[in-house]
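Notes for the one structure printed next.
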Amino acid sequence: MSDWSDWIGRKMRATDRLDPALAARWCATFDRAAPPDKAMPQGIHLCLCTPEARTGQLGEDGHPLRDDSPASFQPPIPLPRRMWASSAMQFHGPIAIGASIERISRIASVTPKSGSRGDMVFVEVDHETSADGRLAVNERQSIVYLEALAGDAPLSPPAHSGDIFDPSGWDVQRIVHPDERLLFRYSALTFNTHRIHYDRPYAREVERYRGLVVHGPLTASLLLQLAAEHHGENRLTRFAFRGVSPAIAGEPLHLVMRGEGGTIELGAFASDGRQVTKASASLA
């Protein structure tokens with residue numbers, strides 16, 4: 001595996017505007033009414049300053065191609081599969097409809113590893129998102145690049161076992177059914193062309209998923225909304241999530257939460273008890 005140390009510290013700047021049309025589409029996607037005070041819910045930053053690669057610059061998987069040029073923000077890691085592994089966010093203030101947005105992104109680390117999945121490389125990216133010149137969100141995102149899978153590799157996740165998810169021990173539970181329509185809309189909001197979210201034959205035959213995969217940040221956004229329903233909008237100062245196992249479109253997803261005081265634990269589970277996402281948050 002090559003040395004990617006030259007990429008550490010590389011920066012990228014992007015600008016955007018949270019216009020009323022984008023805010024309306026976000027609210028429609030999640031079946032929510034527009035906020036009465038123009039302060040959008042937490043998680044909207046994930047749909048701002050989205051990738052702008054031209055169609056001709058996309059790889060087979062739908063992600064922008066990576067190369068050795070100065071224009072390539074991500075290092076040209078020769079591993080074809082890419083996953084959003086985790087994020088840790090700090091919220092400094094809400095983002096209002098109409099705000100001018102700036103995001104400064106910086107490669108914080110590039111770490112090759114080897115494990116049960118073979119060779120992999122973790123890339124950590126620090127994002128600073130500002131609204132009208134004021135810092136709104138700090139985020140450290142971890143992306144993992146993985147080896148290709150054989151055409152006969154077992155599909156992931158395994159077919160449902162006979163187990164049933166037990167919500168006892170959790171204070172709050174909400175069941176959602178993220179289907180293909182929701183995945184399509186979230187891909188559109190984030191300008192995400194990764195084919196595992198809309199191309200079922202590709203997802204199964206190339207990346208060996210059992211079906212279309214629910215976006216990690218989409219599940220995170222649903223968990224943020226679960227927290228807001230019970231604690232109020234824009235109440236979190238910190239939110240971190242980590243993908244544990246893929247969520248498959250059309251299958252029930254159990255969103256849960258528990259905790260007292262300023263710290264809460266959240267999670268997403270499949271109906272057979274398989275954990276999909278681990279998350280934690282701090283309240284203001």
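In the structure tokens, the first chain shown is A, the next is B, and so on; residue numbers restart at 1 for each chain, and ligands run from 1 in the order shown.
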Surrounding residues of range 97-109 of chain A excluding itself and chain neighbours under 5 positions, 6 Å, only C-alpha atoms, as a PyMOL selection string: chain A and resi 8-19+38+123-132
If you take only C-alpha atoms and a cut-off of 7 Å, which residues of range 38-131 of chain A touch range 217-236 of chain A, and what are their nearest atom pairs and distances in Å to one decimal, in chain and number order, as a Markdown table?
| residue | atom | partner | partner_atom | distance |
| --- | --- | --- | --- | --- |
| A:Pro41 | CA | A:Asn234 | CA | 6.1 |
| A:Gln42 | CA | A:Asn234 | CA | 5.9 |
| A:Gly43 | CA | A:Ser221 | CA | 5.5 |
| A:Phe91 | CA | A:Leu236 | CA | 6.8 |
| A:Pro94 | CA | A:Asn234 | CA | 6.4 |
For the residues in the current selection, export N, CA, C and O atoms as a tab-separated table (two decimals), in the first residue's frame.
chain	number	residue	atom	x	y	z
A	41	PRO	N	-33.56	22.20	11.11
A	41	PRO	CA	-33.15	21.18	12.07
A	41	PRO	C	-31.70	20.73	11.86
A	41	PRO	O	-31.14	20.86	10.76
A	42	GLN	N	-31.12	20.17	12.90
A	42	GLN	CA	-29.77	19.64	12.81
A	42	GLN	C	-29.74	18.46	11.84
A	42	GLN	O	-30.64	17.62	11.83
A	43	GLY	N	-28.70	18.41	11.05
A	43	GLY	CA	-28.58	17.41	9.98
A	43	GLY	C	-28.67	18.03	8.61
A	43	GLY	O	-28.28	17.41	7.62
A	91	PHE	N	-22.17	20.92	17.28
A	91	PHE	CA	-23.07	21.95	16.79
A	91	PHE	C	-22.85	23.24	17.58
A	91	PHE	O	-22.90	23.24	18.81
A	94	PRO	N	-27.68	27.00	15.01
A	94	PRO	CA	-28.53	26.54	13.91
A	94	PRO	C	-28.18	27.25	12.60
A	94	PRO	O	-27.59	28.32	12.59
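Using only C-alpha atoms, the contacts of Ala53 in chain A at a cut-off of 12 Å, with sequence neighbours closer than 2 positions omitted, comprise Cys49, Thr50, Pro51, Thr55, Gly56, Gln57, Leu58, Gly59, Gly62, His63, Pro64, Leu65, Arg66, Ala71, Ser72, Phe73, Phe191, Asn192 and Thr193 of chain A.
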Selection export as a compact mmCIF listing (two decimals), in the first residue's frame, atoms kept: C-alpha atoms:
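What follows is the written file part29.txt:
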# COMPACT_ATOMS: atom_id res chain seq x y z
CA CYS A 49 -21.77 22.06 -0.14
CA THR A 50 -22.37 18.75 -1.89
CA PRO A 51 -19.95 17.23 -4.48
CA THR A 55 -20.74 13.08 -14.75
CA GLY A 56 -17.71 12.24 -16.90
CA GLN A 57 -15.53 12.40 -13.78
CA LEU A 58 -17.42 9.66 -11.92
CA GLY A 59 -16.04 6.18 -11.39
CA GLY A 62 -20.63 6.59 -8.86
CA HIS A 63 -18.10 8.40 -6.66
CA PRO A 64 -15.80 11.04 -8.18
CA LEU A 65 -12.61 9.58 -9.62
CA ARG A 66 -9.40 10.00 -7.59
CA ALA A 71 -7.49 18.87 -7.99
CA SER A 72 -8.12 15.47 -6.37
CA PHE A 73 -9.08 16.06 -2.75
CA PHE A 191 -26.03 14.85 -4.90
CA ASN A 192 -24.83 11.35 -4.00
CA THR A 193 -24.36 9.07 -7.00
Per-residue nearest contacts of range 62-172 of chain A to range 248-272 of chain A (8 Å; only C-alpha atoms) as JSON lines:
{"residue": "A:His160", "atom": "CA", "partner": "A:Asp272", "partner_atom": "CA", "distance": 6.1}
{"residue": "A:Ser161", "atom": "CA", "partner": "A:Asp272", "partner_atom": "CA", "distance": 6.1}
{"residue": "A:Gly162", "atom": "CA", "partner": "A:Asp272", "partner_atom": "CA", "distance": 6.7}
{"residue": "A:Asp163", "atom": "CA", "partner": "A:Asp272", "partner_atom": "CA", "distance": 4.7}
{"residue": "A:Ile164", "atom": "CA", "partner": "A:Asp272", "partner_atom": "CA", "distance": 4.3}
{"residue": "A:Phe165", "atom": "CA", "partner": "A:Asp272", "partner_atom": "CA", "distance": 5.1}
{"residue": "A:Pro167", "atom": "CA", "partner": "A:Val256", "partner_atom": "CA", "distance": 7.6}
{"residue": "A:Gly169", "atom": "CA", "partner": "A:Arg258", "partner_atom": "CA", "distance": 7.9}
{"residue": "A:Trp170", "atom": "CA", "partner": "A:Arg258", "partner_atom": "CA", "distance": 5.2}
{"residue": "A:Asp171", "atom": "CA", "partner": "A:Arg258", "partner_atom": "CA", "distance": 4.8}
{"residue": "A:Val172", "atom": "CA", "partner": "A:Met257", "partner_atom": "CA", "distance": 5.2}
Which range 97-166 of chain A residues have any atom within 10 Å of an atom of range 237-241 of chain A, and for each, what is the nearest pair of atoms with distance in Å to one decimal, counting only C-alpha atoms, rows sorted by chain and number, as CSV?
residue,atom,partner,partner_atom,distance
A:Val137,CA,A:Thr237,CA,9.5
A:Asn138,CA,A:Arg238,CA,9.5
A:Glu139,CA,A:Ala240,CA,9.1
A:Arg140,CA,A:Ala240,CA,9.3
A:Gln141,CA,A:Ala240,CA,9.7
